[in-house]
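Q: After the C-alpha coordinates below, expect a handful of questions from me.
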Amino acid sequence: MAETDTGRPPRDEVDRIVLAWARERPDLDVRPLTVLSRVSRLARHLDLARRGAFARHGLETWEFDVLAALRRAGEPYRLSPGALLTQTLVTSGTMTNRIDRLAEQGLVERQPSPDDRRGVLVRLTPAGLQRVDDAFADLLDVERGLIGALPEADRERLAELLRDVLTLFDAS
(Lines give C-alpha, C1' and ligand atoms only; values in the text may rest on other atoms or scores of the structure.)
Protein backbone atom coordinates (compact mmCIF):
# COMPACT_ATOMS: atom_id res chain seq x y z
CA MET A 1 0.00 0.00 0.00
CA ALA A 2 1.23 3.51 -0.77
CA GLU A 3 2.42 5.72 2.06
CA THR A 4 1.50 9.25 3.03
CA ASP A 5 4.13 11.99 3.12
CA THR A 6 4.62 11.10 6.81
CA GLY A 7 5.77 7.61 5.82
CA ARG A 8 2.65 5.96 7.28
CA PRO A 9 0.02 4.06 5.32
CA PRO A 10 -3.23 5.96 4.67
CA ARG A 11 -5.43 6.14 7.78
CA ASP A 12 -8.63 7.49 6.27
CA GLU A 13 -10.32 8.16 2.95
CA VAL A 14 -8.83 11.64 2.73
CA ASP A 15 -5.32 10.15 2.93
CA ARG A 16 -6.21 7.88 0.02
CA ILE A 17 -7.65 10.77 -2.01
CA VAL A 18 -4.63 12.99 -1.35
CA LEU A 19 -2.24 10.21 -2.31
CA ALA A 20 -4.12 9.57 -5.55
CA TRP A 21 -4.11 13.27 -6.48
CA ALA A 22 -0.42 13.59 -5.58
CA ARG A 23 0.31 10.61 -7.83
CA GLU A 24 -1.82 11.94 -10.70
CA ARG A 25 -0.88 15.61 -10.34
CA PRO A 26 2.61 15.77 -8.82
CA ASP A 27 2.86 19.33 -10.17
CA LEU A 28 0.25 20.54 -7.65
CA ASP A 29 0.48 21.05 -3.90
CA VAL A 30 -2.46 18.97 -2.64
CA ARG A 31 -1.83 19.61 1.07
CA PRO A 32 -4.89 21.89 1.50
CA LEU A 33 -7.00 18.78 0.89
CA THR A 34 -5.61 17.20 4.07
CA VAL A 35 -7.45 19.82 6.13
CA LEU A 36 -10.40 21.05 4.12
CA SER A 37 -11.53 17.68 2.77
CA ARG A 38 -11.67 16.44 6.35
CA VAL A 39 -13.65 19.50 7.42
CA SER A 40 -16.07 18.86 4.54
CA ARG A 41 -16.49 15.19 5.47
CA LEU A 42 -16.94 16.07 9.14
CA ALA A 43 -19.61 18.61 8.19
CA ARG A 44 -21.54 15.89 6.36
CA HIS A 45 -21.29 13.51 9.32
CA LEU A 46 -22.32 16.27 11.73
CA ASP A 47 -25.26 17.29 9.55
CA LEU A 48 -26.58 13.72 9.56
CA ALA A 49 -26.11 13.38 13.32
CA ARG A 50 -27.84 16.70 13.98
CA ARG A 51 -30.74 15.87 11.67
CA GLY A 52 -31.22 12.63 13.59
CA ALA A 53 -31.19 14.37 16.97
CA PHE A 54 -33.69 16.97 15.81
CA ALA A 55 -35.93 14.41 14.10
CA ARG A 56 -36.28 12.52 17.38
CA HIS A 57 -37.99 15.67 18.65
CA GLY A 58 -40.12 16.27 15.57
CA LEU A 59 -37.95 19.11 14.28
CA GLU A 60 -36.21 19.96 11.05
CA THR A 61 -32.81 21.66 11.25
CA TRP A 62 -34.26 25.04 10.25
CA GLU A 63 -36.95 24.73 12.93
CA PHE A 64 -34.33 24.06 15.57
CA ASP A 65 -32.29 27.04 14.34
CA VAL A 66 -35.20 29.47 14.80
CA LEU A 67 -36.30 28.01 18.14
CA ALA A 68 -32.71 27.97 19.40
CA ALA A 69 -32.20 31.63 18.46
CA LEU A 70 -35.28 32.52 20.50
CA ARG A 71 -34.14 30.32 23.40
CA ARG A 72 -30.68 31.91 23.47
CA ALA A 73 -32.31 35.36 23.67
CA GLY A 74 -33.28 34.55 27.27
CA GLU A 75 -36.54 35.36 29.01
CA PRO A 76 -39.03 36.26 27.65
CA TYR A 77 -37.62 34.30 24.65
CA ARG A 78 -38.60 36.74 21.95
CA LEU A 79 -36.90 38.50 19.07
CA SER A 80 -37.89 40.63 16.14
CA PRO A 81 -38.07 38.92 12.76
CA GLY A 82 -35.07 41.06 11.75
CA ALA A 83 -32.99 39.70 14.62
CA LEU A 84 -33.99 36.17 13.62
CA LEU A 85 -32.86 36.93 10.05
CA THR A 86 -29.46 38.01 11.31
CA GLN A 87 -29.01 34.90 13.43
CA THR A 88 -30.25 32.35 10.88
CA LEU A 89 -28.93 33.94 7.66
CA VAL A 90 -32.11 33.60 5.59
CA THR A 91 -34.17 36.08 3.57
CA SER A 92 -37.12 37.94 5.04
CA GLY A 93 -39.57 35.95 2.89
CA THR A 94 -38.08 32.69 4.08
CA MET A 95 -38.23 33.83 7.70
CA THR A 96 -41.87 34.86 7.37
CA ASN A 97 -42.68 31.39 6.03
CA ARG A 98 -40.72 29.74 8.84
CA ILE A 99 -42.43 31.79 11.53
CA ASP A 100 -45.82 30.95 10.00
CA ARG A 101 -45.04 27.23 10.03
CA LEU A 102 -43.73 27.26 13.60
CA ALA A 103 -46.76 29.26 14.73
CA GLU A 104 -49.09 26.70 13.12
CA GLN A 105 -47.38 24.03 15.27
CA GLY A 106 -47.83 26.14 18.40
CA LEU A 107 -44.07 26.51 18.94
CA VAL A 108 -43.93 30.30 18.50
CA GLU A 109 -46.38 33.16 18.50
CA ARG A 110 -46.34 36.69 17.16
CA GLN A 111 -46.82 39.56 19.60
CA PRO A 112 -47.06 43.29 19.04
CA SER A 113 -43.81 45.07 19.82
CA PRO A 114 -44.09 47.21 22.96
CA ASP A 115 -41.63 49.70 21.42
CA ASP A 116 -43.11 50.01 17.93
CA ARG A 117 -46.84 49.92 17.18
CA ARG A 118 -46.12 48.58 13.69
CA GLY A 119 -43.53 46.07 14.86
CA VAL A 120 -43.92 42.42 15.75
CA LEU A 121 -41.94 40.16 18.02
CA VAL A 122 -41.73 36.39 17.75
CA ARG A 123 -41.97 34.61 21.09
CA LEU A 124 -41.23 31.03 22.01
CA THR A 125 -44.30 29.31 23.47
CA PRO A 126 -44.02 26.93 26.44
CA ALA A 127 -44.34 24.03 23.96
CA GLY A 128 -41.56 25.54 21.82
CA LEU A 129 -39.37 26.04 24.87
CA GLN A 130 -39.79 22.41 25.92
CA ARG A 131 -39.15 21.12 22.40
CA VAL A 132 -35.98 23.15 21.83
CA ASP A 133 -34.62 22.33 25.31
CA ASP A 134 -35.18 18.59 24.77
CA ALA A 135 -33.67 18.68 21.26
CA PHE A 136 -30.66 20.67 22.46
CA ALA A 137 -29.93 18.21 25.28
CA ASP A 138 -30.14 15.35 22.77
CA LEU A 139 -27.89 17.23 20.34
CA LEU A 140 -25.24 17.70 23.01
CA ASP A 141 -25.32 13.98 23.83
CA VAL A 142 -24.88 13.14 20.15
CA GLU A 143 -22.06 15.63 19.64
CA ARG A 144 -20.34 14.54 22.85
CA GLY A 145 -20.40 11.00 21.49
CA LEU A 146 -18.88 12.11 18.19
CA ILE A 147 -15.80 13.65 19.82
CA GLY A 148 -15.77 11.74 23.10
CA ALA A 149 -12.81 9.56 22.14
CA LEU A 150 -10.57 12.61 21.77
CA PRO A 151 -8.72 13.69 24.92
CA GLU A 152 -10.01 16.97 26.37
CA ALA A 153 -6.78 18.82 25.54
CA ASP A 154 -7.09 17.72 21.89
CA ARG A 155 -10.73 18.88 21.76
CA GLU A 156 -9.73 22.28 23.12
CA ARG A 157 -6.86 22.61 20.65
CA LEU A 158 -9.06 21.51 17.76
CA ALA A 159 -11.68 24.10 18.75
CA GLU A 160 -8.98 26.79 18.74
CA LEU A 161 -7.66 25.76 15.33
CA LEU A 162 -11.13 25.60 13.81
CA ARG A 163 -11.91 29.04 15.26
CA ASP A 164 -8.77 30.38 13.57
CA VAL A 165 -9.77 28.90 10.21
CA LEU A 166 -13.38 30.05 10.50
CA THR A 167 -12.23 33.56 11.39
CA LEU A 168 -10.34 33.67 8.09
CA PHE A 169 -13.50 32.71 6.19
CA ASP A 170 -15.72 35.12 8.11
CA ALA A 171 -13.30 37.99 7.48
CA SER A 172 -13.48 37.59 3.71
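Each chain of the C-alpha coordinates is named A, B, ... in the order shown, its residues numbered from 1; ligands are numbered from 1 in display order.
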What lies within 9 Å of Leu139 of chain A using only C-alpha atoms, ignoring chain neighbours under 6 positions off, as a ChimeraX atom specification?
A: /A:49-50,52-54
Q: Taking the DSSP assignment computed from this structure's backbone, write out as JSON, numbers by chain all residues of segment 14-114 of chain A that belong to alpha helix (DSSP H).
A: {"A": [14, 15, 16, 17, 18, 19, 20, 21, 22, 23, 24, 32, 33, 34, 35, 36, 37, 38, 39, 40, 41, 42, 43, 44, 45, 46, 47, 48, 49, 50, 51, 52, 53, 54, 55, 61, 62, 63, 64, 65, 66, 67, 68, 69, 70, 71, 72, 81, 82, 83, 84, 85, 86, 87, 88, 92, 93, 94, 95, 96, 97, 98, 99, 100, 101, 102, 103, 104]}
Q: As an exercise, work out the distance from atom CA of Leu162 of chain A to atom CA of Leu42 of chain A in Å and give it to one decimal place.
A: 12.1 Å
Q: From the list A:Asp47, A:Glu60, A:Glu75, A:Asp141, which residue is nearest Leu102 of chain A when using only C-alpha atoms?
A: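 Result for the nearest residue to Leu102 of chain A: A:Glu60.
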Q: Can you tell me which residues surround Thr86 of chain A at a distance of at most 12 Å, considering only C-alpha atoms, apart from same-chain residues fewer than 5 positions away, and format the answer as a list in words?
A: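 The neighbour list is Asp65, Val66, Ala69, Leu79, Ser80, Pro81, Thr91, Ser92 and Met95 of chain A.
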Q: Residues at most 7 Å from Pro112 of chain A, counting only C-alpha atoms, excluding those fewer than 6 positions away in the same chain, as a ChimeraX atom specification?
A: /A:119-121
Q: For the residues in the current selection, export N, CA and C atoms as a short mmCIF file (atom, residue, chain, number, x, y, z; two decimals), in the first residue's frame.
A:
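The result, stored in selection_13.cif:
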data_model
loop_
_atom_site.label_atom_id
_atom_site.label_comp_id
_atom_site.auth_asym_id
_atom_site.auth_seq_id
_atom_site.Cartn_x
_atom_site.Cartn_y
_atom_site.Cartn_z
N GLY A 119 -44.45 47.19 14.77
CA GLY A 119 -43.53 46.07 14.86
C GLY A 119 -44.14 44.83 15.50
N VAL A 120 -43.49 43.71 15.22
CA VAL A 120 -43.92 42.42 15.75
C VAL A 120 -42.71 41.74 16.38
N LEU A 121 -42.96 41.00 17.43
CA LEU A 121 -41.94 40.16 18.02
C LEU A 121 -42.40 38.71 17.92
#
Q: Excluding same-chain residues fewer than 6 positions from segment 126-134 of chain A, what lies within 8 Å of it counting only C-alpha atoms, as a VMD selection string?
A: chain A and resid 57 64 67 to 68 71 106 to 108
Q: In terms of the shortest atom-to-atom distance over only C-alpha atoms, which of A:Ala135, A:Thr94, A:Leu158, A:Thr167 is closest to Leu59 of chain A?
A: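 Of A:Ala135, A:Thr94, A:Leu158, A:Thr167, the one nearest Leu59 of chain A is A:Ala135, counting only C-alpha atoms.
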Q: Could you tell me how far atom CA of Thr61 of chain A sits from atom CA of Phe169 of chain A, in Å to one decimal place?
A: 22.8 Å
Q: Do you know which residues are at most 10 Å from Ala103 of chain A counting only C-alpha atoms, after dropping those on the same chain fewer than 5 positions away, and could you put them as JSON, numbers by chain?
A: {"A": [97, 98, 108, 109, 110, 122, 123, 124, 125, 128]}
Q: From a DSSP pass on the backbone, collect the residues of segment 97-141 of chain A flagged as strand (DSSP E) and hand them back as number ranges by chain.
A: A: 108-112, 120-124
Q: Write the residues of the selection above to a file with all heavy atoms, as a PDB file, in the first residue's frame.
A:
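File produced: out19.pdb:
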ATOM      1  N   VAL A 108     -44.193  28.867  18.346  1.00  0.00           N
ATOM      2  CA  VAL A 108     -43.931  30.300  18.498  1.00  0.00           C
ATOM      3  C   VAL A 108     -45.244  31.042  18.315  1.00  0.00           C
ATOM      4  O   VAL A 108     -46.215  30.487  17.796  1.00  0.00           O
ATOM      5  CB  VAL A 108     -42.885  30.839  17.478  1.00  0.00           C
ATOM      6  CG1 VAL A 108     -41.571  30.108  17.576  1.00  0.00           C
ATOM      7  CG2 VAL A 108     -43.431  30.815  16.060  1.00  0.00           C
ATOM      8  N   GLU A 109     -45.229  32.294  18.747  1.00  0.00           N
ATOM      9  CA  GLU A 109     -46.380  33.163  18.501  1.00  0.00           C
ATOM     10  C   GLU A 109     -45.873  34.563  18.215  1.00  0.00           C
ATOM     11  O   GLU A 109     -44.791  34.948  18.657  1.00  0.00           O
ATOM     12  CB  GLU A 109     -47.348  33.160  19.683  1.00  0.00           C
ATOM     13  CG  GLU A 109     -46.758  33.708  20.961  1.00  0.00           C
ATOM     14  CD  GLU A 109     -47.699  33.589  22.149  1.00  0.00           C
ATOM     15  OE1 GLU A 109     -48.734  32.928  22.038  1.00  0.00           O
ATOM     16  OE2 GLU A 109     -47.372  34.168  23.196  1.00  0.00           O
ATOM     17  N   ARG A 110     -46.652  35.292  17.448  1.00  0.00           N
ATOM     18  CA  ARG A 110     -46.336  36.690  17.163  1.00  0.00           C
ATOM     19  C   ARG A 110     -47.014  37.554  18.219  1.00  0.00           C
ATOM     20  O   ARG A 110     -48.145  37.296  18.604  1.00  0.00           O
ATOM     21  CB  ARG A 110     -46.830  37.071  15.779  1.00  0.00           C
ATOM     22  CG  ARG A 110     -46.027  36.483  14.647  1.00  0.00           C
ATOM     23  CD  ARG A 110     -46.613  36.952  13.311  1.00  0.00           C
ATOM     24  NE  ARG A 110     -45.803  36.560  12.184  1.00  0.00           N
ATOM     25  CZ  ARG A 110     -45.921  35.417  11.526  1.00  0.00           C
ATOM     26  NH1 ARG A 110     -46.821  34.526  11.915  1.00  0.00           N
ATOM     27  NH2 ARG A 110     -45.145  35.144  10.500  1.00  0.00           N
ATOM     28  N   GLN A 111     -46.283  38.589  18.639  1.00  0.00           N
ATOM     29  CA  GLN A 111     -46.820  39.555  19.605  1.00  0.00           C
ATOM     30  C   GLN A 111     -46.520  40.957  19.099  1.00  0.00           C
ATOM     31  O   GLN A 111     -45.488  41.171  18.454  1.00  0.00           O
ATOM     32  CB  GLN A 111     -46.139  39.396  20.970  1.00  0.00           C
ATOM     33  CG  GLN A 111     -46.347  38.086  21.652  1.00  0.00           C
ATOM     34  CD  GLN A 111     -45.628  38.068  22.998  1.00  0.00           C
ATOM     35  OE1 GLN A 111     -44.558  38.628  23.155  1.00  0.00           O
ATOM     36  NE2 GLN A 111     -46.247  37.404  23.958  1.00  0.00           N
ATOM     37  N   PRO A 112     -47.381  41.905  19.409  1.00  0.00           N
ATOM     38  CA  PRO A 112     -47.060  43.293  19.044  1.00  0.00           C
ATOM     39  C   PRO A 112     -45.824  43.751  19.819  1.00  0.00           C
ATOM     40  O   PRO A 112     -45.635  43.390  20.976  1.00  0.00           O
ATOM     41  CB  PRO A 112     -48.288  44.083  19.474  1.00  0.00           C
ATOM     42  CG  PRO A 112     -49.260  43.123  20.054  1.00  0.00           C
ATOM     43  CD  PRO A 112     -48.647  41.770  20.085  1.00  0.00           C
ATOM     44  N   VAL A 120     -43.493  43.714  15.221  1.00  0.00           N
ATOM     45  CA  VAL A 120     -43.921  42.422  15.747  1.00  0.00           C
ATOM     46  C   VAL A 120     -42.711  41.743  16.375  1.00  0.00           C
ATOM     47  O   VAL A 120     -41.579  41.904  15.922  1.00  0.00           O
ATOM     48  CB  VAL A 120     -44.475  41.534  14.603  1.00  0.00           C
ATOM     49  CG1 VAL A 120     -44.721  40.115  15.058  1.00  0.00           C
ATOM     50  CG2 VAL A 120     -45.737  42.137  14.031  1.00  0.00           C
ATOM     51  N   LEU A 121     -42.962  41.003  17.426  1.00  0.00           N
ATOM     52  CA  LEU A 121     -41.940  40.155  18.023  1.00  0.00           C
ATOM     53  C   LEU A 121     -42.399  38.711  17.918  1.00  0.00           C
ATOM     54  O   LEU A 121     -43.592  38.422  17.939  1.00  0.00           O
ATOM     55  CB  LEU A 121     -41.721  40.524  19.496  1.00  0.00           C
ATOM     56  CG  LEU A 121     -41.146  41.908  19.760  1.00  0.00           C
ATOM     57  CD1 LEU A 121     -41.118  42.191  21.253  1.00  0.00           C
ATOM     58  CD2 LEU A 121     -39.759  42.030  19.151  1.00  0.00           C
ATOM     59  N   VAL A 122     -41.450  37.822  17.788  1.00  0.00           N
ATOM     60  CA  VAL A 122     -41.734  36.390  17.752  1.00  0.00           C
ATOM     61  C   VAL A 122     -41.311  35.833  19.101  1.00  0.00           C
ATOM     62  O   VAL A 122     -40.180  36.044  19.538  1.00  0.00           O
ATOM     63  CB  VAL A 122     -40.963  35.696  16.611  1.00  0.00           C
ATOM     64  CG1 VAL A 122     -41.269  34.204  16.592  1.00  0.00           C
ATOM     65  CG2 VAL A 122     -41.300  36.351  15.276  1.00  0.00           C
ATOM     66  N   ARG A 123     -42.231  35.141  19.756  1.00  0.00           N
ATOM     67  CA  ARG A 123     -41.973  34.606  21.089  1.00  0.00           C
ATOM     68  C   ARG A 123     -42.100  33.094  21.092  1.00  0.00           C
ATOM     69  O   ARG A 123     -43.000  32.518  20.484  1.00  0.00           O
ATOM     70  CB  ARG A 123     -42.946  35.199  22.103  1.00  0.00           C
ATOM     71  CG  ARG A 123     -42.605  34.814  23.546  1.00  0.00           C
ATOM     72  CD  ARG A 123     -43.597  35.373  24.556  1.00  0.00           C
ATOM     73  NE  ARG A 123     -44.865  34.674  24.549  1.00  0.00           N
ATOM     74  CZ  ARG A 123     -45.081  33.506  25.159  1.00  0.00           C
ATOM     75  NH1 ARG A 123     -44.129  32.903  25.804  1.00  0.00           N
ATOM     76  NH2 ARG A 123     -46.278  32.956  25.102  1.00  0.00           N
ATOM     77  N   LEU A 124     -41.194  32.471  21.795  1.00  0.00           N
ATOM     78  CA  LEU A 124     -41.232  31.028  22.006  1.00  0.00           C
ATOM     79  C   LEU A 124     -42.382  30.703  22.953  1.00  0.00           C
ATOM     80  O   LEU A 124     -42.529  31.337  24.002  1.00  0.00           O
ATOM     81  CB  LEU A 124     -39.892  30.626  22.644  1.00  0.00           C
ATOM     82  CG  LEU A 124     -39.365  29.220  22.575  1.00  0.00           C
ATOM     83  CD1 LEU A 124     -39.277  28.729  21.145  1.00  0.00           C
ATOM     84  CD2 LEU A 124     -37.988  29.172  23.219  1.00  0.00           C
TER      85      LEU A 124
END
Q: Within 10 Å of Asp29 of chain A, counting only C-alpha atoms, which residues show up once you throw out same-chain ones fewer than 6 positions away? Write them as a ChimeraX atom specification, please.
A: /A:18,21-22
Q: Residues of the last selection are to be written out with C-alpha atoms, as an mmCIF file, in the first residue's frame.
A:
data_model
loop_
_atom_site.group_PDB
_atom_site.id
_atom_site.type_symbol
_atom_site.label_atom_id
_atom_site.label_comp_id
_atom_site.auth_asym_id
_atom_site.auth_seq_id
_atom_site.Cartn_x
_atom_site.Cartn_y
_atom_site.Cartn_z
ATOM 1 C CA VAL A 18 -4.633 12.989 -1.354
ATOM 2 C CA TRP A 21 -4.109 13.265 -6.480
ATOM 3 C CA ALA A 22 -0.425 13.594 -5.583
#
Q: In terms of the shortest atom-to-atom distance over only C-alpha atoms, which of A:Ala153, A:Leu146, A:Ile99, A:Leu84 is closest to Arg72 of chain A?
A: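 Result for the nearest residue to Arg72 of chain A: A:Leu84.
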